[in-house]
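Source file work.pdb; content: PDB, C-alpha atoms and all ligand atoms.
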```pdb
ATOM      1  CA  SER A   1      16.598  -0.943  13.647
ATOM      2  CA  LEU A   2      13.570  -3.153  13.214
ATOM      3  CA  HIS A   3      15.244  -6.331  14.511
ATOM      4  CA  GLY A   4      12.725  -8.477  16.348
ATOM      5  CA  LYS A   5       9.791  -6.647  14.757
ATOM      6  CA  THR A   6       7.411  -8.278  12.272
ATOM      7  CA  ALA A   7       5.876  -6.456   9.322
ATOM      8  CA  LEU A   8       2.903  -7.562   7.248
ATOM      9  CA  VAL A   9       2.739  -5.883   3.838
ATOM     10  CA  THR A  10      -0.384  -6.677   1.832
ATOM     11  CA  GLY A  11       0.053  -6.882  -1.941
ATOM     12  CA  SER A  12       3.819  -7.292  -1.620
ATOM     13  CA  THR A  13       4.499  -9.647  -4.527
ATOM     14  CA  SER A  14       4.921  -6.645  -6.836
ATOM     15  CA  GLY A  15       5.537  -2.924  -7.168
ATOM     16  CA  ILE A  16       5.298  -0.591  -4.180
ATOM     17  CA  GLY A  17       4.470  -3.344  -1.664
ATOM     18  CA  LEU A  18       7.559  -5.331  -2.631
ATOM     19  CA  GLY A  19       9.679  -2.152  -2.489
ATOM     20  CA  ILE A  20       8.440  -1.415   1.035
ATOM     21  CA  ALA A  21       8.943  -5.045   2.128
ATOM     22  CA  LEU A  22      12.556  -4.900   0.908
ATOM     23  CA  GLU A  23      13.338  -1.694   2.828
ATOM     24  CA  LEU A  24      11.771  -3.050   6.036
ATOM     25  CA  ALA A  25      13.694  -6.345   5.623
ATOM     26  CA  LYS A  26      16.964  -4.418   5.110
ATOM     27  CA  ALA A  27      16.254  -2.695   8.439
ATOM     28  CA  GLY A  28      15.993  -6.125  10.094
ATOM     29  CA  ALA A  29      12.251  -6.778  10.257
ATOM     30  CA  ASN A  30      10.672 -10.194   9.761
ATOM     31  CA  LEU A  31       8.269 -10.058   6.823
ATOM     32  CA  LEU A  32       4.938 -11.616   6.021
ATOM     33  CA  LEU A  33       4.293 -11.185   2.307
ATOM     34  CA  ASN A  34       0.916 -11.356   0.549
ATOM     35  CA  GLY A  35      -0.409 -10.929  -2.971
ATOM     36  CA  PHE A  36      -0.982 -12.738  -6.235
ATOM     37  CA  GLY A  37       1.506 -13.714  -8.940
ATOM     38  CA  ASP A  38       5.098 -14.840  -8.384
ATOM     39  CA  SER A  39       5.346 -15.227  -4.610
ATOM     40  CA  GLU A  40       8.562 -17.297  -4.885
ATOM     41  CA  ALA A  41      10.445 -14.442  -6.570
ATOM     42  CA  ALA A  42       9.239 -11.984  -3.923
ATOM     43  CA  LEU A  43      10.148 -14.389  -1.109
ATOM     44  CA  ASN A  44      13.646 -14.858  -2.511
ATOM     45  CA  ALA A  45      14.185 -11.124  -2.996
ATOM     46  CA  VAL A  46      13.172 -10.371   0.608
ATOM     47  CA  ARG A  47      14.959 -13.413   2.043
ATOM     48  CA  ALA A  48      18.230 -12.134   0.555
ATOM     49  CA  HIS A  49      18.229  -9.508   3.323
ATOM     50  CA  GLY A  50      18.452 -12.107   6.046
ATOM     51  CA  GLY A  51      15.366 -11.835   8.220
ATOM     52  CA  SER A  52      12.643 -14.402   8.584
ATOM     53  CA  VAL A  53      10.101 -14.334   5.721
ATOM     54  CA  ALA A  54       6.750 -16.003   5.121
ATOM     55  CA  TYR A  55       3.920 -15.687   2.616
ATOM     56  CA  HIS A  56       0.141 -15.920   2.822
ATOM     57  CA  PRO A  57      -2.083 -15.946  -0.301
ATOM     58  CA  ALA A  58      -5.169 -14.258   1.222
ATOM     59  CA  ASP A  59      -7.424 -12.523  -1.273
ATOM     60  CA  MET A  60      -7.839  -9.062   0.241
ATOM     61  CA  SER A  61     -11.387  -8.804  -1.078
ATOM     62  CA  LYS A  62     -12.424 -11.654   1.265
ATOM     63  CA  PRO A  63     -12.731 -10.882   5.002
ATOM     64  CA  GLU A  64     -12.524 -14.555   6.023
ATOM     65  CA  GLU A  65      -9.240 -14.982   4.116
ATOM     66  CA  ILE A  66      -7.898 -11.824   5.769
ATOM     67  CA  GLU A  67      -8.786 -13.312   9.164
ATOM     68  CA  ALA A  68      -6.942 -16.522   8.236
ATOM     69  CA  MET A  69      -3.880 -14.465   7.242
ATOM     70  CA  MET A  70      -3.864 -12.547  10.525
ATOM     71  CA  GLN A  71      -4.092 -15.849  12.412
ATOM     72  CA  PHE A  72      -1.220 -17.240  10.318
ATOM     73  CA  ALA A  73       0.888 -14.160  11.123
ATOM     74  CA  VAL A  74       0.504 -14.779  14.851
ATOM     75  CA  GLU A  75       1.322 -18.479  14.445
ATOM     76  CA  GLN A  76       4.453 -17.741  12.367
ATOM     77  CA  PHE A  77       5.852 -14.695  14.160
ATOM     78  CA  GLY A  78       3.913 -14.242  17.409
ATOM     79  CA  ALA A  79       2.608 -10.808  16.478
ATOM     80  CA  VAL A  80       2.392  -8.135  13.781
ATOM     81  CA  ASP A  81       4.152  -4.921  14.843
ATOM     82  CA  ILE A  82       4.022  -3.106  11.507
ATOM     83  CA  LEU A  83       1.003  -3.322   9.220
ATOM     84  CA  VAL A  84       1.284  -1.881   5.716
ATOM     85  CA  ASN A  85      -2.047  -1.850   3.885
ATOM     86  CA  ASN A  86      -0.868  -1.677   0.295
ATOM     87  CA  ALA A  87      -2.855  -4.128  -1.873
ATOM     88  CA  GLY A  88      -4.784  -2.223  -4.493
ATOM     89  CA  ILE A  89      -6.239  -2.328  -7.984
ATOM     90  CA  GLN A  90      -7.315   0.263 -10.528
ATOM     91  CA  TYR A  91     -10.058   0.473 -13.146
ATOM     92  CA  VAL A  92     -10.827   3.444 -15.375
ATOM     93  CA  ALA A  93     -14.301   4.227 -16.762
ATOM     94  CA  PRO A  94     -16.830   7.077 -16.552
ATOM     95  CA  VAL A  95     -19.013   6.764 -13.466
ATOM     96  CA  GLU A  96     -22.219   6.044 -15.415
ATOM     97  CA  GLU A  97     -20.492   3.192 -17.245
ATOM     98  CA  PHE A  98     -18.521   1.909 -14.263
ATOM     99  CA  PRO A  99     -19.114  -1.850 -13.896
ATOM    100  CA  VAL A 100     -20.752  -2.456 -10.508
ATOM    101  CA  LYS A 101     -18.543  -5.496  -9.873
ATOM    102  CA  ARG A 102     -15.411  -3.387 -10.443
ATOM    103  CA  TRP A 103     -16.683  -0.737  -8.042
ATOM    104  CA  ASP A 104     -17.315  -3.375  -5.365
ATOM    105  CA  ALA A 105     -13.902  -4.993  -5.899
ATOM    106  CA  ILE A 106     -12.034  -1.671  -5.665
ATOM    107  CA  ILE A 107     -13.854  -0.667  -2.479
ATOM    108  CA  ALA A 108     -13.217  -4.126  -0.982
ATOM    109  CA  ILE A 109      -9.501  -4.357  -1.862
ATOM    110  CA  ASN A 110      -8.404  -0.697  -1.663
ATOM    111  CA  LEU A 111     -10.475   0.303   1.393
ATOM    112  CA  SER A 112     -12.335  -2.407   3.351
ATOM    113  CA  SER A 113      -9.304  -4.735   3.545
ATOM    114  CA  ALA A 114      -7.503  -2.065   5.595
ATOM    115  CA  PHE A 115     -10.448  -1.921   7.998
ATOM    116  CA  HIS A 116     -10.256  -5.693   8.458
ATOM    117  CA  THR A 117      -6.487  -5.946   8.961
ATOM    118  CA  THR A 118      -6.546  -2.935  11.296
ATOM    119  CA  ARG A 119      -9.387  -4.186  13.495
ATOM    120  CA  LEU A 120      -7.705  -7.597  13.740
ATOM    121  CA  VAL A 121      -4.197  -6.307  14.511
ATOM    122  CA  LEU A 122      -5.016  -3.527  16.978
ATOM    123  CA  PRO A 123      -5.843  -5.532  20.149
ATOM    124  CA  ALA A 124      -2.375  -7.135  20.247
ATOM    125  CA  MET A 125      -0.670  -3.830  19.374
ATOM    126  CA  ARG A 126      -2.515  -2.222  22.300
ATOM    127  CA  THR A 127      -1.336  -4.996  24.601
ATOM    128  CA  ARG A 128       2.302  -4.323  23.614
ATOM    129  CA  ASN A 129       1.677  -0.544  23.385
ATOM    130  CA  TRP A 130       3.623  -0.316  20.144
ATOM    131  CA  GLY A 131       2.576  -0.466  16.519
ATOM    132  CA  ARG A 132       2.817   1.164  13.136
ATOM    133  CA  ILE A 133      -0.071   1.143  10.662
ATOM    134  CA  ILE A 134       0.811   2.579   7.266
ATOM    135  CA  ASN A 135      -1.896   2.880   4.648
ATOM    136  CA  ILE A 136      -0.780   3.257   1.045
ATOM    137  CA  ALA A 137      -3.315   5.746  -0.266
ATOM    138  CA  SER A 138      -2.478   7.889  -3.300
ATOM    139  CA  ALA A 139      -2.401  11.417  -4.660
ATOM    140  CA  HIS A 140      -5.913  10.266  -5.570
ATOM    141  CA  GLY A 141      -6.655  10.161  -1.838
ATOM    142  CA  LEU A 142      -6.387  13.961  -1.818
ATOM    143  CA  ALA A 143      -7.406  14.980  -5.342
ATOM    144  CA  ALA A 144      -9.507  13.412  -8.091
ATOM    145  CA  SER A 145      -9.066  12.599 -11.762
ATOM    146  CA  PRO A 146     -11.861  11.792 -14.209
ATOM    147  CA  GLY A 147     -12.608   8.119 -14.845
ATOM    148  CA  LYS A 148     -11.390   6.945 -11.458
ATOM    149  CA  SER A 149     -14.481   7.337  -9.256
ATOM    150  CA  ALA A 150     -14.082   4.042  -7.383
ATOM    151  CA  TYR A 151     -10.334   4.445  -6.850
ATOM    152  CA  VAL A 152     -10.644   8.091  -5.758
ATOM    153  CA  ALA A 153     -13.522   7.251  -3.409
ATOM    154  CA  ALA A 154     -11.633   4.306  -1.898
ATOM    155  CA  LYS A 155      -8.394   6.288  -1.437
ATOM    156  CA  HIS A 156     -10.189   9.299   0.097
ATOM    157  CA  GLY A 157     -11.932   6.786   2.370
ATOM    158  CA  LEU A 158      -8.615   5.173   3.304
ATOM    159  CA  ILE A 159      -7.297   8.566   4.437
ATOM    160  CA  GLY A 160     -10.467   9.005   6.510
ATOM    161  CA  LEU A 161      -9.898   5.593   8.106
ATOM    162  CA  THR A 162      -6.283   6.593   8.779
ATOM    163  CA  LYS A 163      -7.357   9.723  10.665
ATOM    164  CA  SER A 164      -9.978   7.875  12.727
ATOM    165  CA  VAL A 165      -7.559   5.128  13.756
ATOM    166  CA  ALA A 166      -4.895   7.744  14.554
ATOM    167  CA  LEU A 167      -7.318   9.466  16.946
ATOM    168  CA  GLU A 168      -8.444   6.221  18.574
ATOM    169  CA  THR A 169      -4.790   5.325  19.254
ATOM    170  CA  ALA A 170      -3.549   8.873  19.965
ATOM    171  CA  THR A 171      -2.443   8.265  23.554
ATOM    172  CA  THR A 172      -0.749   4.938  22.777
ATOM    173  CA  GLY A 173       2.534   3.856  21.187
ATOM    174  CA  ILE A 174       0.625   2.975  18.019
ATOM    175  CA  THR A 175       0.648   5.397  15.087
ATOM    176  CA  CYS A 176      -1.450   5.289  11.931
ATOM    177  CA  ASN A 177      -0.540   7.292   8.822
ATOM    178  CA  ALA A 178      -1.131   7.293   5.088
ATOM    179  CA  ILE A 179       1.393   7.647   2.295
ATOM    180  CA  CYS A 180       0.147   9.266  -0.918
ATOM    181  CA  PRO A 181       2.329   8.362  -3.896
ATOM    182  CA  GLY A 182       2.150  10.075  -7.255
ATOM    183  CA  TRP A 183       2.960   8.019 -10.362
ATOM    184  CA  VAL A 184       5.172   4.987  -9.688
ATOM    185  CA  LEU A 185       6.138   2.806 -12.658
ATOM    186  CA  THR A 186       4.574  -0.496 -11.547
ATOM    187  CA  PRO A 187       2.373  -2.993 -13.445
ATOM    188  CA  LEU A 188      -0.683  -1.001 -12.225
ATOM    189  CA  VAL A 189       0.571   2.110 -14.052
ATOM    190  CA  GLN A 190       2.151   0.272 -16.992
ATOM    191  CA  LYS A 191      -1.354  -0.881 -17.915
ATOM    192  CA  GLN A 192      -2.510   2.748 -18.033
ATOM    193  CA  ILE A 193       0.511   3.641 -20.204
ATOM    194  CA  ASP A 194      -0.310   0.728 -22.519
ATOM    195  CA  ASP A 195      -3.916   1.970 -22.779
ATOM    196  CA  ARG A 196      -2.691   5.402 -23.945
ATOM    197  CA  THR A 197       0.028   4.147 -26.307
ATOM    198  CA  VAL A 198      -0.554   5.135 -29.937
ATOM    199  CA  ASP A 199       1.485   3.631 -32.837
ATOM    200  CA  GLY A 200       3.676   1.696 -30.396
ATOM    201  CA  ASP A 201       5.196   4.919 -29.005
ATOM    202  CA  SER A 202       5.187   3.924 -25.327
ATOM    203  CA  ALA A 203       7.899   6.483 -24.408
ATOM    204  CA  ARG A 204       5.578   9.236 -25.556
ATOM    205  CA  ALA A 205       2.602   7.747 -23.696
ATOM    206  CA  ARG A 206       4.740   7.556 -20.571
ATOM    207  CA  HIS A 207       5.861  11.186 -20.920
ATOM    208  CA  GLU A 208       2.291  12.388 -21.478
ATOM    209  CA  LEU A 209       1.033  10.475 -18.459
ATOM    210  CA  LEU A 210       3.663  12.185 -16.276
ATOM    211  CA  ALA A 211       3.222  15.632 -17.877
ATOM    212  CA  GLU A 212      -0.507  15.610 -17.127
ATOM    213  CA  LYS A 213      -0.063  15.331 -13.326
ATOM    214  CA  GLN A 214       3.520  15.066 -12.078
ATOM    215  CA  PRO A 215       5.591  18.291 -12.450
ATOM    216  CA  SER A 216       8.916  16.520 -11.835
ATOM    217  CA  LEU A 217       8.260  14.508 -15.029
ATOM    218  CA  ASP A 218       9.816  11.574 -13.236
ATOM    219  CA  PHE A 219       8.390   8.529 -11.467
ATOM    220  CA  VAL A 220       8.494   8.000  -7.697
ATOM    221  CA  THR A 221      10.246   4.684  -6.941
ATOM    222  CA  PRO A 222       9.156   1.825  -4.663
ATOM    223  CA  ALA A 223      12.494   2.143  -2.815
ATOM    224  CA  GLN A 224      11.821   5.839  -2.067
ATOM    225  CA  LEU A 225       8.390   4.936  -0.700
ATOM    226  CA  GLY A 226      10.036   2.165   1.328
ATOM    227  CA  ALA A 227      12.383   4.748   2.862
ATOM    228  CA  LEU A 228       9.401   6.912   3.865
ATOM    229  CA  ALA A 229       7.664   3.882   5.391
ATOM    230  CA  LEU A 230      10.859   3.100   7.301
ATOM    231  CA  PHE A 231      10.926   6.652   8.676
ATOM    232  CA  LEU A 232       7.299   6.296   9.822
ATOM    233  CA  CYS A 233       8.408   3.163  11.722
ATOM    234  CA  SER A 234      11.179   5.038  13.541
ATOM    235  CA  ASP A 235      11.067   6.688  16.980
ATOM    236  CA  ALA A 236      11.530  10.046  15.242
ATOM    237  CA  ALA A 237       8.031   9.591  13.794
ATOM    238  CA  ASP A 238       6.346   8.933  17.178
ATOM    239  CA  GLN A 239       4.315  12.137  16.863
ATOM    240  CA  VAL A 240       3.437  11.768  13.179
ATOM    241  CA  ARG A 241      -0.182  10.708  13.561
ATOM    242  CA  GLY A 242      -3.060  10.744  11.135
ATOM    243  CA  ALA A 243      -0.944  12.301   8.392
ATOM    244  CA  ALA A 244      -1.528  11.861   4.666
ATOM    245  CA  TRP A 245       2.022  12.297   3.419
ATOM    246  CA  ASN A 246       2.441  12.828  -0.288
ATOM    247  CA  MET A 247       5.527  11.768  -2.268
ATOM    248  CA  ASP A 248       4.356  12.766  -5.693
ATOM    249  CA  GLY A 249       6.870  14.780  -7.730
ATOM    250  CA  GLY A 250       4.851  17.929  -7.016
ATOM    251  CA  TRP A 251       1.433  16.584  -8.148
ATOM    252  CA  LEU A 252      -0.472  18.059  -5.192
ATOM    253  CA  ALA A 253       1.433  21.341  -5.119
ATOM    254  CA  GLN A 254      -0.500  22.480  -8.196
TER     255      GLN A 254
HETATM  256  P1  LIG A 301       0.944  -3.574  -8.434
HETATM  257  O1  LIG A 301      -0.132  -4.000  -9.343
HETATM  258  O2  LIG A 301       2.363  -3.624  -8.858
HETATM  259  O3  LIG A 301       0.848  -4.352  -7.040
HETATM  260  C1  LIG A 301      -0.379  -4.597  -6.419
HETATM  261  C2  LIG A 301      -0.194  -5.702  -5.422
HETATM  262  O4  LIG A 301      -1.465  -5.988  -4.820
HETATM  263  C3  LIG A 301       0.283  -7.009  -6.054
HETATM  264  O5  LIG A 301       1.133  -7.683  -5.166
HETATM  265  C4  LIG A 301      -1.035  -7.777  -6.237
HETATM  266  O6  LIG A 301      -0.850  -9.179  -6.303
HETATM  267  C5  LIG A 301      -1.749  -7.362  -4.982
HETATM  268  N1  LIG A 301      -3.184  -7.569  -5.042
HETATM  269  C6  LIG A 301      -4.075  -7.130  -5.966
HETATM  270  N2  LIG A 301      -5.306  -7.578  -5.680
HETATM  271  C7  LIG A 301      -5.192  -8.312  -4.544
HETATM  272  C8  LIG A 301      -6.109  -9.034  -3.754
HETATM  273  N3  LIG A 301      -7.414  -9.116  -4.066
HETATM  274  N4  LIG A 301      -5.638  -9.688  -2.665
HETATM  275  C9  LIG A 301      -4.329  -9.642  -2.341
HETATM  276  N5  LIG A 301      -3.405  -8.962  -3.059
HETATM  277  C10 LIG A 301      -3.844  -8.318  -4.145
HETATM  278  O7  LIG A 301       0.524  -2.083  -8.027
HETATM  279  P2  LIG A 301       1.284  -0.919  -7.237
HETATM  280  O8  LIG A 301       1.351   0.222  -8.170
HETATM  281  O9  LIG A 301       2.512  -1.402  -6.576
HETATM  282  O10 LIG A 301       0.167  -0.556  -6.166
HETATM  283  C11 LIG A 301       0.317  -0.785  -4.781
HETATM  284  C12 LIG A 301      -0.541   0.213  -4.025
HETATM  285  O11 LIG A 301      -0.056   1.527  -4.286
HETATM  286  C13 LIG A 301      -2.012   0.206  -4.441
HETATM  287  O12 LIG A 301      -2.823   0.390  -3.303
HETATM  288  C14 LIG A 301      -2.118   1.413  -5.353
HETATM  289  O13 LIG A 301      -3.406   1.947  -5.378
HETATM  290  C15 LIG A 301      -1.135   2.350  -4.697
HETATM  291  N6  LIG A 301      -0.633   3.433  -5.545
HETATM  292  C16 LIG A 301       0.042   3.164  -6.698
HETATM  293  C17 LIG A 301       0.516   4.215  -7.464
HETATM  294  C18 LIG A 301       1.302   4.010  -8.739
HETATM  295  O14 LIG A 301       1.554   4.994  -9.440
HETATM  296  N7  LIG A 301       1.715   2.800  -9.064
HETATM  297  C19 LIG A 301       0.287   5.526  -7.064
HETATM  298  C20 LIG A 301      -0.415   5.760  -5.888
HETATM  299  C21 LIG A 301      -0.855   4.691  -5.136
END
```
Please lay out the structure from this file as structure tokens.
Amino acid sequence: SLHGKTALVTGSTSGIGLGIALELAKAGANLLLNGFGDSEAALNAVRAHGGSVAYHPADMSKPEEIEAMMQFAVEQFGAVDILVNNAGIQYVAPVEEFPVKRWDAIIAINLSSAFHTTRLVLPAMRTRNWGRIINIASAHGLAASPGKSAYVAAKHGLIGLTKSVALETATTGITCNAICPGWVLTPLVQKQIDDRTVDGDSARARHELLAEKQPSLDFVTPAQLGALALFLCSDAADQVRGAAWNMDGGWLAQ
């Protein structure tokens, strides 16, 4: 049980982050939510599971806003025991046409934000000698696809950060791991389905997107990823350190 523990999940107003926040709340954790869009709906969904819930609107591309959020977490809950670095964005273009601003934003949100939250949360985790840092990477943290240079670079980098932090905390009660999802049907992926939809046939676009990469031909769900995150928070996962754990319908088995 996670009663008495506090989890911060970045980018938890939607998709995978919200799914993970819900599973951690069901297990009894207090939750600090973050992200853009409808924060009220996310707060209500998480609050329905009973624990204490708060929200901070930090833009994860801005280090000073991340610092303010970490400060807020301590003021609200005393400490962050579980950090889930999940906020992320996607943009698809060939590398020679990739807009420089998009590259910078993807590196900032999908990679550097995890460096900032981690460096800010670790001292207090060390003091309590317990912590869980879970980085939501991607199948694209372990394999590439064309058109996704920034995303692939950021996610490979996030797995590198995961391994380094796991080694620096190896003799402590703090673990750091990455989860590598395959396709999950969230707004981030719906946009890619919309971009490939021809003649309004979105079912076909969806099938083709899956068929290209994911042998199961089915989406991973946010709740399944939440269950894996919950396992990584358990005592049974004490010796899972520096792993990049895929849940991808067979994507990386190919
Ligand atoms: P999503 O678009 O549904 O959710 C992204 C979340 O991040 C939202 O809450 C959004 O508000 C937040 N966010 C975006 N930019 C932000 C910023 N600058 N500051 C703070 N919050 C910000 O997407 P998702 O599919 O749930 O993606 C979540 C994570 O999972 C991302 O890191 C993504 O790369 C990763 N991922 C997704 C898939 C997939 O198939 N959907 C697969 C592998 C990995």
Evaluate the PyMOL selection byres (((not hetatm)) within 6 of (chain A and resi 301)) and record the selected residues as a PDB file with C-alpha atoms, in the frame of the given file, following the chain and residue labels used in the document.
```pdb
ATOM      1  CA  GLY A  11       0.053  -6.882  -1.941  1.00  0.00           C
ATOM      2  CA  SER A  12       3.819  -7.292  -1.620  1.00  0.00           C
ATOM      3  CA  THR A  13       4.499  -9.647  -4.527  1.00  0.00           C
ATOM      4  CA  SER A  14       4.921  -6.645  -6.836  1.00  0.00           C
ATOM      5  CA  GLY A  15       5.537  -2.924  -7.168  1.00  0.00           C
ATOM      6  CA  ILE A  16       5.298  -0.591  -4.180  1.00  0.00           C
ATOM      7  CA  GLY A  17       4.470  -3.344  -1.664  1.00  0.00           C
ATOM      8  CA  GLY A  35      -0.409 -10.929  -2.971  1.00  0.00           C
ATOM      9  CA  PHE A  36      -0.982 -12.738  -6.235  1.00  0.00           C
ATOM     10  CA  GLY A  37       1.506 -13.714  -8.940  1.00  0.00           C
ATOM     11  CA  ALA A  58      -5.169 -14.258   1.222  1.00  0.00           C
ATOM     12  CA  ASP A  59      -7.424 -12.523  -1.273  1.00  0.00           C
ATOM     13  CA  MET A  60      -7.839  -9.062   0.241  1.00  0.00           C
ATOM     14  CA  SER A  61     -11.387  -8.804  -1.078  1.00  0.00           C
ATOM     15  CA  ASN A  86      -0.868  -1.677   0.295  1.00  0.00           C
ATOM     16  CA  ALA A  87      -2.855  -4.128  -1.873  1.00  0.00           C
ATOM     17  CA  GLY A  88      -4.784  -2.223  -4.493  1.00  0.00           C
ATOM     18  CA  ILE A  89      -6.239  -2.328  -7.984  1.00  0.00           C
ATOM     19  CA  ILE A 109      -9.501  -4.357  -1.862  1.00  0.00           C
ATOM     20  CA  ASN A 110      -8.404  -0.697  -1.663  1.00  0.00           C
ATOM     21  CA  ILE A 136      -0.780   3.257   1.045  1.00  0.00           C
ATOM     22  CA  ALA A 137      -3.315   5.746  -0.266  1.00  0.00           C
ATOM     23  CA  SER A 138      -2.478   7.889  -3.300  1.00  0.00           C
ATOM     24  CA  PRO A 181       2.329   8.362  -3.896  1.00  0.00           C
ATOM     25  CA  GLY A 182       2.150  10.075  -7.255  1.00  0.00           C
ATOM     26  CA  TRP A 183       2.960   8.019 -10.362  1.00  0.00           C
ATOM     27  CA  VAL A 184       5.172   4.987  -9.688  1.00  0.00           C
ATOM     28  CA  LEU A 185       6.138   2.806 -12.658  1.00  0.00           C
ATOM     29  CA  THR A 186       4.574  -0.496 -11.547  1.00  0.00           C
ATOM     30  CA  PRO A 187       2.373  -2.993 -13.445  1.00  0.00           C
ATOM     31  CA  LEU A 188      -0.683  -1.001 -12.225  1.00  0.00           C
ATOM     32  CA  VAL A 189       0.571   2.110 -14.052  1.00  0.00           C
TER      33      VAL A 189
END
```
**OP:** Let me know the residues the PyMOL selection byres (((chain A and resi 232-249) around 6) and not hetatm) catches in the file above, as a PyMOL selection string.
**Re:** chain A and resi 162-163+166+175-182+214+216+229-231+250-251
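When atom CA of A:Gln192 is paired with atom CA of A:Asn44, their separation reads 28.5 Å.
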**OP:** Tell me which residues the PyMOL selection byres (((chain A and resi 67-73) around 12) and not hetatm) grabs here, as a ChimeraX atom specification.
**Re:** /A:6-10,30-35,53-66,74-83,113-122,124
Writer output for current selection, C-alpha atoms, as a PDB file, in the coordinates of the input:
```pdb
ATOM      1  CA  THR A   6       7.411  -8.278  12.272  1.00  0.00           C
ATOM      2  CA  ALA A   7       5.876  -6.456   9.322  1.00  0.00           C
ATOM      3  CA  LEU A   8       2.903  -7.562   7.248  1.00  0.00           C
ATOM      4  CA  VAL A   9       2.739  -5.883   3.838  1.00  0.00           C
ATOM      5  CA  THR A  10      -0.384  -6.677   1.832  1.00  0.00           C
ATOM      6  CA  ASN A  30      10.672 -10.194   9.761  1.00  0.00           C
ATOM      7  CA  LEU A  31       8.269 -10.058   6.823  1.00  0.00           C
ATOM      8  CA  LEU A  32       4.938 -11.616   6.021  1.00  0.00           C
ATOM      9  CA  LEU A  33       4.293 -11.185   2.307  1.00  0.00           C
ATOM     10  CA  ASN A  34       0.916 -11.356   0.549  1.00  0.00           C
ATOM     11  CA  GLY A  35      -0.409 -10.929  -2.971  1.00  0.00           C
ATOM     12  CA  VAL A  53      10.101 -14.334   5.721  1.00  0.00           C
ATOM     13  CA  ALA A  54       6.750 -16.003   5.121  1.00  0.00           C
ATOM     14  CA  TYR A  55       3.920 -15.687   2.616  1.00  0.00           C
ATOM     15  CA  HIS A  56       0.141 -15.920   2.822  1.00  0.00           C
ATOM     16  CA  PRO A  57      -2.083 -15.946  -0.301  1.00  0.00           C
ATOM     17  CA  ALA A  58      -5.169 -14.258   1.222  1.00  0.00           C
ATOM     18  CA  ASP A  59      -7.424 -12.523  -1.273  1.00  0.00           C
ATOM     19  CA  MET A  60      -7.839  -9.062   0.241  1.00  0.00           C
ATOM     20  CA  SER A  61     -11.387  -8.804  -1.078  1.00  0.00           C
ATOM     21  CA  LYS A  62     -12.424 -11.654   1.265  1.00  0.00           C
ATOM     22  CA  PRO A  63     -12.731 -10.882   5.002  1.00  0.00           C
ATOM     23  CA  GLU A  64     -12.524 -14.555   6.023  1.00  0.00           C
ATOM     24  CA  GLU A  65      -9.240 -14.982   4.116  1.00  0.00           C
ATOM     25  CA  ILE A  66      -7.898 -11.824   5.769  1.00  0.00           C
ATOM     26  CA  VAL A  74       0.504 -14.779  14.851  1.00  0.00           C
ATOM     27  CA  GLU A  75       1.322 -18.479  14.445  1.00  0.00           C
ATOM     28  CA  GLN A  76       4.453 -17.741  12.367  1.00  0.00           C
ATOM     29  CA  PHE A  77       5.852 -14.695  14.160  1.00  0.00           C
ATOM     30  CA  GLY A  78       3.913 -14.242  17.409  1.00  0.00           C
ATOM     31  CA  ALA A  79       2.608 -10.808  16.478  1.00  0.00           C
ATOM     32  CA  VAL A  80       2.392  -8.135  13.781  1.00  0.00           C
ATOM     33  CA  ASP A  81       4.152  -4.921  14.843  1.00  0.00           C
ATOM     34  CA  ILE A  82       4.022  -3.106  11.507  1.00  0.00           C
ATOM     35  CA  LEU A  83       1.003  -3.322   9.220  1.00  0.00           C
ATOM     36  CA  SER A 113      -9.304  -4.735   3.545  1.00  0.00           C
ATOM     37  CA  ALA A 114      -7.503  -2.065   5.595  1.00  0.00           C
ATOM     38  CA  PHE A 115     -10.448  -1.921   7.998  1.00  0.00           C
ATOM     39  CA  HIS A 116     -10.256  -5.693   8.458  1.00  0.00           C
ATOM     40  CA  THR A 117      -6.487  -5.946   8.961  1.00  0.00           C
ATOM     41  CA  THR A 118      -6.546  -2.935  11.296  1.00  0.00           C
ATOM     42  CA  ARG A 119      -9.387  -4.186  13.495  1.00  0.00           C
ATOM     43  CA  LEU A 120      -7.705  -7.597  13.740  1.00  0.00           C
ATOM     44  CA  VAL A 121      -4.197  -6.307  14.511  1.00  0.00           C
ATOM     45  CA  LEU A 122      -5.016  -3.527  16.978  1.00  0.00           C
ATOM     46  CA  ALA A 124      -2.375  -7.135  20.247  1.00  0.00           C
TER      47      ALA A 124
END
```
**OP:** Considering all atoms listed in the file, return as JSON, numbers by chain whatever protein or nucleic-acid residues lie within 10 Å of A:His207, sequence-local ones (same chain, fewer than 6 positions apart) excluded.
**Re:** {"A": [193, 214, 217, 218]}
What are the nearest atom pairs, with distances in Å to one decimal, for all residues of stretch 23-67 of chain A that come at most 12 Å from stretch 221-227 of chain A, using only C-alpha atoms, set out by chain and rising residue number as CSV?
```
residue,atom,partner,partner_atom,distance
A:Glu23,CA,A:Gly226,CA,5.3
A:Leu24,CA,A:Gly226,CA,7.2
A:Ala25,CA,A:Gly226,CA,10.2
A:Lys26,CA,A:Gly226,CA,10.3
A:Ala27,CA,A:Ala227,CA,10.1
```
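Taking only C-alpha atoms into account, A:Leu142 lies nearest to A:Gly160 out of the set A:Ser39, A:Asn129, A:Gly160, A:Ser112.
The smallest atom-to-atom distance between A:Ile20 and any of A:Lys101, A:Ala93, A:Ala154, A:Val46, using only C-alpha atoms, is found for A:Val46.
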Original post:
Any idea what the distance is between atom CA of A:Pro215 and atom CA of A:Ala139?
Top reply: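 Computed distance, atom CA of A:Pro215 to atom CA of A:Ala139, equals 13.1 Å.
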Original post:
How many Å lie between atom CA of A:Ala153 and atom CA of A:Thr171, rounded to one decimal?
Top reply: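 These atoms are spaced 29.2 Å apart.
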